[in-house]
Each structure stands twice: as C-alpha cells, then as structure tokens.
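Raw query.txt, compact mmCIF, C-alpha atoms:
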# COMPACT_ATOMS: atom_id res chain seq x y z
CA MET N 1 0.00 0.00 0.00
CA PRO N 2 1.56 3.35 -1.03
CA GLU N 3 2.46 5.71 1.78
CA THR N 4 0.40 8.88 2.21
CA THR N 5 2.35 12.09 2.82
CA ILE N 6 0.72 15.28 4.05
CA ARG N 7 1.67 18.17 6.25
CA LEU N 8 0.47 17.21 9.72
CA THR N 9 -1.43 20.32 10.77
CA LYS N 10 -4.18 20.34 13.37
CA ARG N 11 -6.83 20.43 10.67
CA ALA N 12 -5.26 17.50 8.80
CA VAL N 13 -5.01 15.43 11.98
CA ASP N 14 -8.58 16.21 13.02
CA GLN N 15 -9.87 15.25 9.56
CA ALA N 16 -8.02 11.91 9.52
CA LEU N 17 -10.89 9.42 9.87
CA PRO N 18 -10.52 5.77 10.94
CA GLY N 19 -10.63 3.15 8.18
CA SER N 20 -11.17 -0.58 7.94
CA SER N 21 -7.55 -1.07 9.03
CA ARG N 22 -5.04 1.17 10.72
CA TYR N 23 -2.86 3.41 8.56
CA ILE N 24 -0.09 6.00 8.89
CA LEU N 25 0.03 9.54 7.52
CA TRP N 26 3.61 10.76 7.08
CA ASP N 27 4.57 14.40 7.51
CA SER N 28 5.77 16.16 4.37
CA ASP N 29 8.12 18.49 6.28
CA ILE N 30 10.01 16.08 8.57
CA SER N 31 11.00 12.72 7.14
CA GLY N 32 10.14 9.92 9.55
CA PHE N 33 7.50 11.84 11.53
CA GLY N 34 4.00 10.39 11.22
CA LEU N 35 0.51 9.89 12.64
CA ARG N 36 -0.90 6.38 13.13
CA VAL N 37 -4.72 6.19 12.96
CA GLU N 38 -6.35 3.12 14.52
CA THR N 39 -9.68 1.61 13.47
CA SER N 40 -10.99 2.76 16.86
CA GLY N 41 -10.16 6.36 15.97
CA LYS N 42 -7.19 6.61 18.32
CA LYS N 43 -4.39 8.74 16.84
CA THR N 44 -0.75 8.43 17.87
CA TYR N 45 2.30 10.41 16.75
CA LEU N 46 5.38 8.33 15.98
CA VAL N 47 8.87 8.45 14.53
CA ARG N 48 10.45 5.97 12.09
CA TYR N 49 14.19 5.76 11.54
CA ARG N 50 17.14 3.50 10.83
CA PRO N 51 20.05 3.51 13.32
CA LYS N 52 22.96 5.54 11.97
CA GLY N 53 25.90 3.69 10.49
CA LEU N 54 24.10 0.48 9.55
CA GLY N 55 22.96 1.59 6.11
CA ARG N 56 19.86 0.48 4.22
CA VAL N 57 20.09 -3.06 5.57
CA ALA N 58 19.35 -1.89 9.11
CA PRO N 59 15.80 -2.67 10.30
CA LYS N 60 13.50 0.31 10.68
CA ARG N 61 12.72 1.34 14.23
CA PHE N 62 9.42 2.86 15.32
CA MET N 63 9.12 5.00 18.41
CA THR N 64 5.93 6.41 19.90
CA VAL N 65 5.94 10.15 20.53
CA GLY N 66 2.51 10.48 22.17
CA ARG N 67 -1.25 10.47 21.73
CA HIS N 68 -3.04 13.17 19.80
CA GLY N 69 -5.02 15.18 22.33
CA HIS N 70 -2.26 14.85 24.88
CA LEU N 71 0.03 16.51 22.33
CA THR N 72 -0.71 19.04 19.59
CA PRO N 73 0.82 18.46 16.13
CA ASP N 74 3.39 21.21 16.80
CA GLN N 75 4.39 19.70 20.18
CA ALA N 76 4.70 16.24 18.64
CA ARG N 77 6.76 17.65 15.73
CA ALA N 78 9.14 19.32 18.20
CA GLN N 79 9.63 16.04 20.10
CA ALA N 80 10.12 14.15 16.83
CA GLN N 81 12.89 16.57 15.84
CA ILE N 82 14.66 15.91 19.14
CA ILE N 83 14.47 12.14 18.59
CA LEU N 84 15.67 12.35 15.00
CA GLY N 85 18.44 14.70 16.09
CA ALA N 86 19.64 12.08 18.55
CA VAL N 87 19.59 9.49 15.74
CA ALA N 88 21.72 11.80 13.59
CA ALA N 89 24.20 12.02 16.46
CA GLY N 90 24.55 8.22 16.45
CA GLU N 91 22.11 7.29 19.21
CA ASP N 92 19.35 4.67 19.09
CA PRO N 93 16.48 6.19 21.16
CA ALA N 94 14.04 3.27 20.69
CA ALA N 95 16.63 0.78 21.93
CA LYS N 96 17.33 2.96 24.98
CA VAL N 97 13.61 3.15 25.83
CA ALA N 98 13.22 -0.62 25.40
CA ALA N 99 16.18 -1.23 27.69
CA ALA N 100 14.78 1.17 30.30
CA LYS N 101 11.41 -0.58 30.21
CA ALA N 102 12.97 -3.99 30.66
CA ALA N 103 15.14 -2.67 33.48
CA MET N 104 12.33 -1.05 35.50
CA ILE N 105 11.48 -3.42 38.30
CA ILE N 106 8.20 -3.36 40.22
CA LYS N 107 9.78 -1.63 43.21
CA ASP N 108 11.00 1.30 41.07
CA ALA N 109 7.71 1.39 39.16
CA MET N 110 5.84 1.64 42.46
CA ASP N 111 7.99 4.56 43.59
CA LEU N 112 7.20 6.37 40.34
CA TYR N 113 3.48 5.55 40.69
CA LEU N 114 3.25 6.79 44.28
CA LYS N 115 5.23 9.95 43.58
CA GLU N 116 3.66 11.05 40.31
CA HIS N 117 0.13 9.66 40.49
CA VAL N 118 -1.06 8.71 43.97
CA LYS N 119 0.30 11.53 46.13
CA PRO N 120 -0.79 14.39 43.83
CA LYS N 121 -4.23 12.91 43.05
CA ARG N 122 -5.38 11.01 46.14
CA LYS N 123 -6.15 12.06 49.69
CA GLU N 124 -3.28 11.72 52.14
CA ARG N 125 -4.91 8.82 54.01
CA THR N 126 -5.64 6.99 50.74
CA ALA N 127 -2.06 7.49 49.58
CA GLU N 128 -0.83 5.97 52.85
CA GLU N 129 -3.08 2.95 52.36
CA TYR N 130 -1.86 2.44 48.78
CA ALA N 131 1.77 2.64 49.89
CA SER N 132 1.13 0.24 52.77
CA ALA N 133 -0.52 -2.36 50.52
CA LEU N 134 2.34 -2.22 48.02
CA ASN N 135 5.16 -2.21 50.58
CA ARG N 136 3.72 -4.91 52.85
CA HIS N 137 2.41 -7.37 50.29
CA VAL N 138 3.66 -6.70 46.76
CA ILE N 139 7.34 -5.82 47.22
CA PRO N 140 8.20 -8.93 49.30
CA GLU N 141 6.72 -11.16 46.57
CA ILE N 142 7.59 -9.53 43.24
CA GLY N 143 9.42 -6.30 44.08
CA ASN N 144 12.53 -7.20 42.06
CA ARG N 145 10.70 -8.55 39.02
CA PRO N 146 10.69 -6.45 35.82
CA ALA N 147 7.30 -4.76 35.60
CA GLU N 148 6.73 -6.07 32.07
CA LYS N 149 7.51 -9.65 33.14
CA VAL N 150 4.94 -9.92 35.94
CA THR N 151 2.19 -12.34 34.93
CA ARG N 152 -1.36 -13.07 36.01
CA ALA N 153 -0.06 -16.27 37.61
CA ASP N 154 2.29 -14.21 39.81
CA LEU N 155 -0.53 -12.02 41.07
CA LEU N 156 -2.94 -14.93 41.46
CA LYS N 157 -0.35 -16.58 43.70
CA LEU N 158 -0.09 -13.38 45.78
CA HIS N 159 -3.88 -13.05 45.99
CA THR N 160 -4.24 -16.69 47.07
CA LYS N 161 -1.56 -16.25 49.71
CA MET N 162 -3.68 -13.48 51.26
CA LYS N 163 -6.92 -15.53 51.29
CA ASP N 164 -7.22 -15.32 55.09
CA SER N 165 -7.59 -11.54 54.73
CA PRO N 166 -9.94 -11.37 51.72
CA ILE N 167 -10.73 -7.67 51.94
CA GLN N 168 -7.04 -6.73 52.15
CA ALA N 169 -6.29 -9.16 49.32
CA ASN N 170 -8.89 -7.53 47.08
CA ARG N 171 -7.71 -4.01 47.95
CA THR N 172 -4.11 -4.94 47.15
CA LEU N 173 -5.19 -6.36 43.79
CA SER N 174 -7.05 -3.13 42.99
CA VAL N 175 -3.98 -1.04 43.81
CA VAL N 176 -1.79 -3.21 41.56
CA SER N 177 -4.35 -2.85 38.76
CA SER N 178 -4.21 0.94 39.14
CA LEU N 179 -0.40 0.73 39.11
CA TYR N 180 -0.40 -1.07 35.75
CA THR N 181 -2.89 1.36 34.23
CA PHE N 182 -0.47 4.14 35.18
CA LEU N 183 2.55 2.25 33.82
CA GLY N 184 0.75 1.67 30.53
CA LYS N 185 0.08 5.39 30.13
CA ARG N 186 3.74 6.12 30.87
CA GLY N 187 4.99 3.56 28.36
CA VAL N 188 6.73 1.41 30.97
CA VAL N 189 4.58 -1.55 29.89
CA PRO N 190 2.51 -1.91 26.69
CA GLU N 191 -0.68 0.14 26.96
CA GLY N 192 -3.55 -2.14 27.96
CA TYR N 193 -1.26 -4.72 29.58
CA ASN N 194 -2.61 -5.47 33.05
CA PRO N 195 -1.84 -8.87 34.66
CA VAL N 196 -4.58 -8.29 37.26
CA ARG N 197 -7.25 -8.64 34.58
CA GLY N 198 -9.09 -11.94 34.83
CA ILE N 199 -8.40 -12.63 38.51
CA ASP N 200 -11.62 -13.14 40.47
CA LYS N 201 -11.80 -11.30 43.77
CA TYR N 202 -12.90 -12.87 47.02
CA PRO N 203 -16.50 -12.26 48.12
CA GLU N 204 -16.69 -9.62 50.84
CA GLN N 205 -19.21 -9.44 53.63
CA GLY N 206 -19.90 -6.09 55.21
CA ARG N 207 -19.15 -5.86 58.91
CA GLU N 208 -21.60 -3.73 60.85
CA ARG N 209 -21.17 -4.02 64.59
CA TYR N 210 -23.54 -2.02 66.76
CA LEU N 211 -23.27 -1.64 70.51
CA THR N 212 -26.30 -2.73 72.49
CA SER N 213 -27.74 -0.61 75.31
CA GLU N 214 -26.02 -2.85 77.84
CA GLU N 215 -22.66 -2.51 76.00
CA LEU N 216 -23.09 1.25 75.79
CA GLY N 217 -23.60 1.28 79.56
CA ARG N 218 -20.34 -0.61 80.07
CA LEU N 219 -18.56 1.73 77.69
CA GLY N 220 -19.83 4.81 79.53
CA THR N 221 -18.79 3.37 82.90
CA ALA N 222 -15.30 2.54 81.59
CA ILE N 223 -14.84 6.08 80.18
CA ILE N 224 -15.92 7.72 83.45
CA GLU N 225 -13.59 5.44 85.39
CA ALA N 226 -10.72 6.24 83.01
CA GLU N 227 -11.05 10.00 83.48
CA THR N 228 -11.71 9.98 87.26
CA ILE N 229 -9.99 7.28 89.29
CA GLY N 230 -8.17 5.67 86.37
CA LEU N 231 -8.28 2.20 84.88
CA PRO N 232 -6.75 -0.68 86.88
CA TRP N 233 -3.54 -2.23 85.66
CA GLN N 234 -3.57 -5.74 84.29
CA VAL N 235 -1.05 -7.51 86.55
CA ASP N 236 -0.09 -11.18 86.69
CA GLU N 237 0.45 -11.66 90.42
CA THR N 238 2.33 -14.92 89.79
CA LYS N 239 5.22 -13.10 88.13
CA PRO N 240 8.29 -12.50 90.37
CA LYS N 241 8.32 -8.73 89.63
CA ALA N 242 4.68 -8.26 90.61
CA LYS N 243 5.60 -7.84 94.29
CA HIS N 244 7.70 -4.77 93.42
CA LEU N 245 4.79 -2.91 91.88
CA ALA N 246 2.70 -0.28 93.62
CA ALA N 247 0.03 -1.37 96.07
CA PRO N 248 -3.12 -2.72 94.36
CA GLU N 249 -5.17 0.38 95.29
CA ASN N 250 -2.58 2.57 93.50
CA ARG N 251 -2.39 0.51 90.34
CA ARG N 252 -4.55 2.74 88.20
CA THR N 253 -3.90 4.92 85.15
CA LYS N 254 -5.94 7.92 84.10
CA LEU N 255 -6.33 8.48 80.37
CA GLU N 256 -5.55 11.85 78.78
CA PRO N 257 -8.52 14.24 78.75
CA ALA N 258 -8.00 14.77 75.00
CA ALA N 259 -8.36 11.03 74.31
CA ILE N 260 -11.50 10.82 76.46
CA ALA N 261 -13.00 13.82 74.64
CA ALA N 262 -12.18 12.28 71.26
CA LEU N 263 -13.93 9.01 72.15
CA ARG N 264 -17.06 10.84 73.26
CA LEU N 265 -17.09 12.99 70.13
CA LEU N 266 -16.79 9.93 67.91
CA LEU N 267 -19.84 8.39 69.55
CA PHE N 268 -21.94 11.58 69.82
CA THR N 269 -21.33 12.78 66.22
CA GLY N 270 -20.97 9.57 64.20
CA ALA N 271 -17.91 11.16 62.59
CA ARG N 272 -14.95 9.25 61.19
CA LEU N 273 -11.78 9.03 63.26
CA ARG N 274 -9.71 11.46 61.13
CA GLU N 275 -12.58 13.93 61.02
CA ILE N 276 -12.35 14.26 64.80
CA LEU N 277 -8.57 14.02 65.19
CA HIS N 278 -7.97 16.61 62.44
CA LEU N 279 -10.79 18.95 63.48
CA ARG N 280 -9.54 22.52 64.08
CA TRP N 281 -11.11 25.12 66.33
CA GLN N 282 -11.49 27.54 63.42
CA GLU N 283 -13.85 25.03 61.79
CA VAL N 284 -16.14 24.79 64.84
CA ASP N 285 -19.14 27.10 65.27
CA LEU N 286 -20.36 26.46 68.83
CA GLU N 287 -23.10 29.05 68.53
CA ARG N 288 -24.81 27.37 65.60
CA GLY N 289 -23.73 23.87 66.58
CA LEU N 290 -21.86 23.09 63.35
CA ALA N 291 -18.39 22.01 62.29
CA PHE N 292 -17.30 22.79 58.74
CA LEU N 293 -14.88 20.10 57.57
CA PRO N 294 -12.90 21.29 54.52
CA ASP N 295 -11.81 17.81 53.44
CA SER N 296 -13.44 14.61 54.68
CA LYS N 297 -13.46 11.23 52.95
CA THR N 298 -16.36 12.42 50.78
CA GLY N 299 -15.10 15.99 50.32
CA ARG N 300 -16.35 19.12 52.07
CA LYS N 301 -18.78 18.27 54.85
CA THR N 302 -20.81 20.03 57.51
CA LEU N 303 -20.93 18.12 60.78
CA VAL N 304 -24.05 18.74 62.85
CA LEU N 305 -23.08 18.91 66.52
CA SER N 306 -25.51 17.42 69.03
CA SER N 307 -26.06 18.93 72.48
CA ALA N 308 -23.94 16.15 73.97
CA SER N 309 -21.05 16.83 71.58
CA LEU N 310 -21.30 20.59 72.22
CA GLU N 311 -21.01 19.93 75.94
CA VAL N 312 -17.85 17.91 75.30
CA LEU N 313 -16.38 20.65 73.09
CA ARG N 314 -17.03 23.39 75.63
CA GLY N 315 -15.08 21.40 78.19
CA ILE N 316 -11.92 21.10 76.05
CA PRO N 317 -9.18 23.70 76.72
CA LYS N 318 -7.93 25.47 73.58
CA ASN N 319 -4.26 24.56 73.91
CA SER N 320 -3.81 23.86 70.21
CA ILE N 321 -5.21 24.84 66.84
CA TYR N 322 -6.65 21.32 66.85
CA VAL N 323 -9.63 20.41 69.02
CA ILE N 324 -7.89 17.16 70.02
CA GLU N 325 -4.33 18.22 70.75
CA GLY N 326 -1.47 16.01 69.62
CA ALA N 327 1.86 15.20 71.20
CA LYS N 328 3.51 18.13 69.41
CA LYS N 329 2.34 21.72 69.50
CA ASP N 330 -0.26 22.47 66.83
CA GLN N 331 -0.01 18.99 65.34
CA PRO N 332 -3.00 16.59 65.14
CA ARG N 333 -3.09 13.47 67.26
CA ALA N 334 -1.98 10.42 65.28
CA ASP N 335 -4.46 7.84 66.62
CA LEU N 336 -6.41 6.51 69.60
CA LYS N 337 -5.12 2.93 69.56
CA LYS N 338 -3.77 2.72 73.11
CA PRO N 339 -6.57 4.57 74.92
CA TRP N 340 -9.22 2.65 72.99
CA ALA N 341 -7.52 -0.66 73.74
CA SER N 342 -7.63 0.17 77.48
CA ILE N 343 -11.29 1.24 77.38
CA GLN N 344 -12.24 -1.73 75.20
CA LEU N 345 -10.62 -4.18 77.62
CA ARG N 346 -12.18 -2.60 80.68
CA ALA N 347 -15.66 -2.46 79.09
CA GLY N 348 -15.44 -6.06 77.83
CA LEU N 349 -15.91 -5.02 74.20
CA GLU N 350 -13.58 -7.49 72.55
CA GLY N 351 -13.46 -7.10 68.77
CA VAL N 352 -15.24 -3.72 68.77
CA ARG N 353 -13.43 -1.19 66.58
CA LEU N 354 -13.44 2.57 66.90
CA HIS N 355 -15.32 2.72 63.59
CA ASP N 356 -18.11 0.70 65.23
CA LEU N 357 -18.97 3.80 67.27
CA ARG N 358 -19.99 5.39 63.96
CA HIS N 359 -22.08 2.32 63.12
CA THR N 360 -23.70 2.57 66.55
CA PHE N 361 -24.60 6.23 66.01
CA ALA N 362 -26.22 5.28 62.69
CA SER N 363 -28.03 2.27 64.11
CA VAL N 364 -29.64 4.33 66.88
CA GLY N 365 -30.83 6.89 64.33
CA ALA N 366 -32.22 4.21 62.01
CA GLY N 367 -33.84 2.32 64.88
CA ALA N 368 -35.57 5.50 66.04
CA SER N 369 -37.19 5.80 62.57
CA LEU N 370 -35.55 9.16 61.88
CA GLY N 371 -35.43 8.21 58.21
CA LEU N 372 -32.42 6.94 56.28
CA PRO N 373 -31.94 10.21 54.30
CA ILE N 374 -31.60 12.11 57.58
CA VAL N 375 -29.20 9.53 59.02
CA GLY N 376 -27.18 9.56 55.80
CA LYS N 377 -26.98 13.35 55.89
CA LEU N 378 -25.66 13.28 59.46
CA LEU N 379 -23.04 10.71 58.52
CA GLY N 380 -21.97 12.61 55.40
CA HIS N 381 -22.91 9.85 52.96
CA THR N 382 -23.02 11.07 49.37
CA GLN N 383 -24.92 8.03 48.10
CA SER N 384 -28.13 6.55 49.47
CA GLN N 385 -26.82 3.00 48.95
CA THR N 386 -24.22 3.61 51.65
CA THR N 387 -26.90 4.37 54.23
CA ALA N 388 -29.14 1.53 53.00
CA ARG N 389 -27.11 -0.97 55.05
CA TYR N 390 -29.00 0.30 58.10
CA ALA N 391 -32.44 -0.15 56.53
CA HIS N 392 -33.13 -3.37 58.46
CA LEU N 393 -32.83 -1.42 61.71
CA ASP N 394 -35.59 0.99 60.76
CA ALA N 395 -38.19 -1.50 61.95
CA ASP N 396 -40.63 0.56 64.06
CA PRO N 397 -43.12 1.38 61.26
CA LEU N 398 -43.03 -2.23 60.08
CA ARG N 399 -43.40 -3.51 63.62
CA ARG N 400 -46.47 -1.30 64.17
CA ALA N 401 -47.96 -2.57 60.92
CA ALA N 402 -47.21 -6.18 61.87
CA ASP N 403 -48.77 -5.66 65.33
CA LEU N 404 -51.90 -4.16 63.77
CA ILE N 405 -52.38 -7.01 61.28
CA ALA N 406 -51.54 -9.78 63.74
CA GLY N 407 -53.74 -8.13 66.40
CA GLN N 408 -56.77 -8.17 64.12
CA LEU N 409 -56.10 -11.78 63.11
CA SER N 410 -55.70 -12.77 66.75
CA ALA N 411 -58.93 -11.01 67.70
CA ALA N 412 -60.81 -12.74 64.90
CA MET N 413 -59.47 -16.11 65.97
CA HIS N 414 -60.40 -15.43 69.60
CA ARG N 415 -64.01 -14.54 68.66
CA GLY N 416 -64.20 -17.72 66.64
CA GLU N 417 -63.23 -19.77 69.68
CA GLU N 418 -65.95 -18.08 71.78
CA ALA N 419 -68.61 -18.86 69.15
CA ALA N 420 -67.54 -22.48 69.05
CA VAL N 421 -67.81 -22.76 72.81
Could you render the structure as structure tokens?
Amino acid sequence: MPETTIRLTKRAVDQALPGSSRYILWDSDISGFGLRVETSGKKTYLVRYRPKGLGRVAPKRFMTVGRHGHLTPDQARAQAQIILGAVAAGEDPAAKVAAAKAAMIIKDAMDLYLKEHVKPKRKERTAEEYASALNRHVIPEIGNRPAEKVTRADLLKLHTKMKDSPIQANRTLSVVSSLYTFLGKRGVVPEGYNPVRGIDKYPEQGRERYLTSEELGRLGTAIIEAETIGLPWQVDETKPKAKHLAAPENRRTKLEPAAIAALRLLLFTGARLREILHLRWQEVDLERGLAFLPDSKTGRKTLVLSSASLEVLRGIPKNSIYVIEGAKKDQPRADLKKPWASIQLRAGLEGVRLHDLRHTFASVGAGASLGLPIVGKLLGHTQSQTTARYAHLDADPLRRAADLIAGQLSAAMHRGEEAAV
C-alpha cells in the first residue's frame, strides 16, 4: 500500500478518519515523523528511523511520541525533531527506551506511581493505604521482578496467599491494577497490559457491629472510670516482679482528657476518626452547633453537633489549633489505639473497633425511625446505597404494621373460639 504524505497540521489530523484497518500519515516536512490512525479512531504520533551507520540493511525502528489530544501536532513535531536529532548524532532512542522498560522493576515502578500519580491525586490517608498495601504485600513477593515480566499467575499466587484476609487481598489487587494502568500510560509496559485482569476477587461481607444498650452502659462506665480514678492495671500476680509494683489500690492509670473527649465525640457525632482528630477550632461554630470540615473522605462536609457533643467541646481547653491536641504543639493526634484498647478491655468489648462507634450512632438513628436520608446526611454519605445498610434497623413502622395485622387476626381467631364454645 503506497504511503500517504501530508503536512500534519491540526486540521489535517482532526480530519483523519478511521478506516477498515489502521494506517499511517507521514509528515511532508520532517521525514520519519508520522501519525498512526487506529480503526478505533485513536491517533498516535510516531517516529520511524534506521540507526545511523548500519545503512539500508538496518531494520527500521518505530518510536511512539505520544497520543493526539495529549500533544498538539506542533508539540509532537518538536519532540520528533529531538528524537531524529539524537539518531543523527549516532544514538538509538528506541533501543534505549526498550532497555529502560525492561530494566524497570516493580519496586521502582511503584515509587514512580506513588510519587507522580497517587500523592498528587489522592487524599493523604488513601495514599498511605496504597503505599502500605504495596510495601507490605507486593514488594516482598515480586518487588525485584521487571514490571513487564509480571504475569497473572504471579498475582494470582499473591492473591491466594492473602486468602485469610480477603478484603485486604482484594484491595491490594485493585492497587496493583491501578499501578499497571499508570505504567501503561507512561509507556513502561505496553498500553492495555494489566496482569490483574481476569483474577476473580474474594467475596466480601460487610461488617456492621452495633453496641447494644447494655454494652453502651459498660462503655460509659469505663470512660468515666478512666477519666476519674483511672483504669486498673492488668497484673499477673504470679510473676516474680509483681511484688515490686505499687500497692493494688494505686495501680490505676488515668487516660488523657484529650483522648477521652475524642472518644465521646466519635460516639456523639458519628464522625470518622480522622474527622475528629484533624478537626480545628477555626472550623467549629459552637453558637450554631456546626463544624465545617474542609476535606473529609467524601469531600467538604458540615458536621451537625448534638447537644452532647457541644457539651464535650465546651469542656476542652484550647491549647492547640486542633480540638484534640497532639503530642507536638499544633499537630494533630496520630491515633487513639492505646486509649481505645484500654477502654475496650475494661468495658469487655472485645473485637469492637473505633469505627463501630460510627455504626452505633447510625443504628440508633435508624432504629428511632428518623429516616435513612436524615441519618445519611448526618453521617456525610453522598450516596443513598451507603446508608441503605442500616435499613433493616428501621423496623418501628413495620413492627407497628405487623402488630396491627396480627392483632386483628388474633382477635378474629379469639371470637371464633368463643362462638364455638
């Protein structure tokens, strides 16, 4: 098929329509600079050349410059001139790129992915989770493998190895899939190559744990004890060093007021952990009972503060720009792991997570028939499906209807018995 030569202007590129097979339009100004048009309509700028010094017998090399849309014709032409200039100087740019691709191992590819894609485009917490999944699970298994050599079998083996933690296994697989999409766009692997494709994920079951009234009573008692007389130490009296400890009546530890306040706010607002730990005083309007969060998991959010949460807030000294002061001046607190572990143990709430306080807040609202849209608004849900998990708790209207129907049936049956007698 004869080659078509035309000056590659924006108009010419825009008017190049897809055909029954892909074809290349070559630029009339720069020899070797062209536009490949796929049957799908995708248009890619490329360069064709022969390595210098090998003559006409040398095989032609093709090198991708970039996609039309990402590059204008003038930008692509400028890059093509640079590549062809390197060829004239005796270099082989396509061979160098191929060698770099083959040399990039997963570990280096991950560093590039986290630096140039995840950190600029994802929330800080999400970026930390991506990095954790890659560093903990992927690097130990395939970190030194060339990115282009990783196969579906490699990732299936990794996924199977994590079967005891199905949710984490699925999340890790999703992160690796995102990694390969990024690498394809950067030309590190062929575009569209993704070894995750075709691997079935493990079924996931949602975990909603709600505290009962009796458990809430134990939790409240443990919190009051922790902030007043302190929680008792857990001591094994059979150990030789136990006799050197303080007297039993003095073996108590009070928790920090900031940690106690944070736990109460989590329960009384239904907020997420980071929303409370990163809450700043400038975002709190005590008069109107609102907190304006500039960046929550679902974006900007207004937190409605209950009377109970306002009472907690008014009792917190303003020693920091953050409501819950951290270990360092004007830095947010990192977590509540240790104080929650102490409270959890004392209250006998084994297996209850801090996030379950949010579930409990939602369950009480749903159970009181406040309406799922209202509950979802309080929680900051952007989609109704997220709140729908609590629908089975909104049983009061159904229970009243069931009582009415069953009551009438029971009454009818009772009258029937009297008539028979």
For Arg353 of chain N, the nearest of the candidates N:Glu227, N:Arg209, N:Asp74, N:Ala327, counting only C-alpha atoms: N:Arg209
Polymer residues at most 12 Å from Arg314 of chain N, only C-alpha atoms, same-chain spacing of 4 or more positions, as a list of chain:residue names: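 Within the cut-off, the hits are N:Ala261, N:Leu265, N:Trp281, N:Val284, N:Asp285, N:Leu286, N:Glu287, N:Gly289, N:Leu305, N:Ser307, N:Ala308, N:Ser309, N:Leu310, N:Lys318, N:Val323.
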Atomic distance atom CA of Leu71 of chain N - atom CA of Tyr45 of chain N, expressed in Å with one decimal: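 About the pair atom CA of Leu71 of chain N and atom CA of Tyr45 of chain N: they are 8.6 Å apart.
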Separation of atom CA of Tyr202 of chain N from atom CA of Leu156 of chain N, in Å and rounded to one decimal: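 Going from atom CA of Tyr202 of chain N over to atom CA of Leu156 of chain N covers 11.6 Å.
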Pairwise distance for atom CA of Ser20 of chain N and atom CA of Thr5 of chain N, rounded to one decimal in Å: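 Answer for the atom CA of Ser20 of chain N to atom CA of Thr5 of chain N separation: 19.2 Å.
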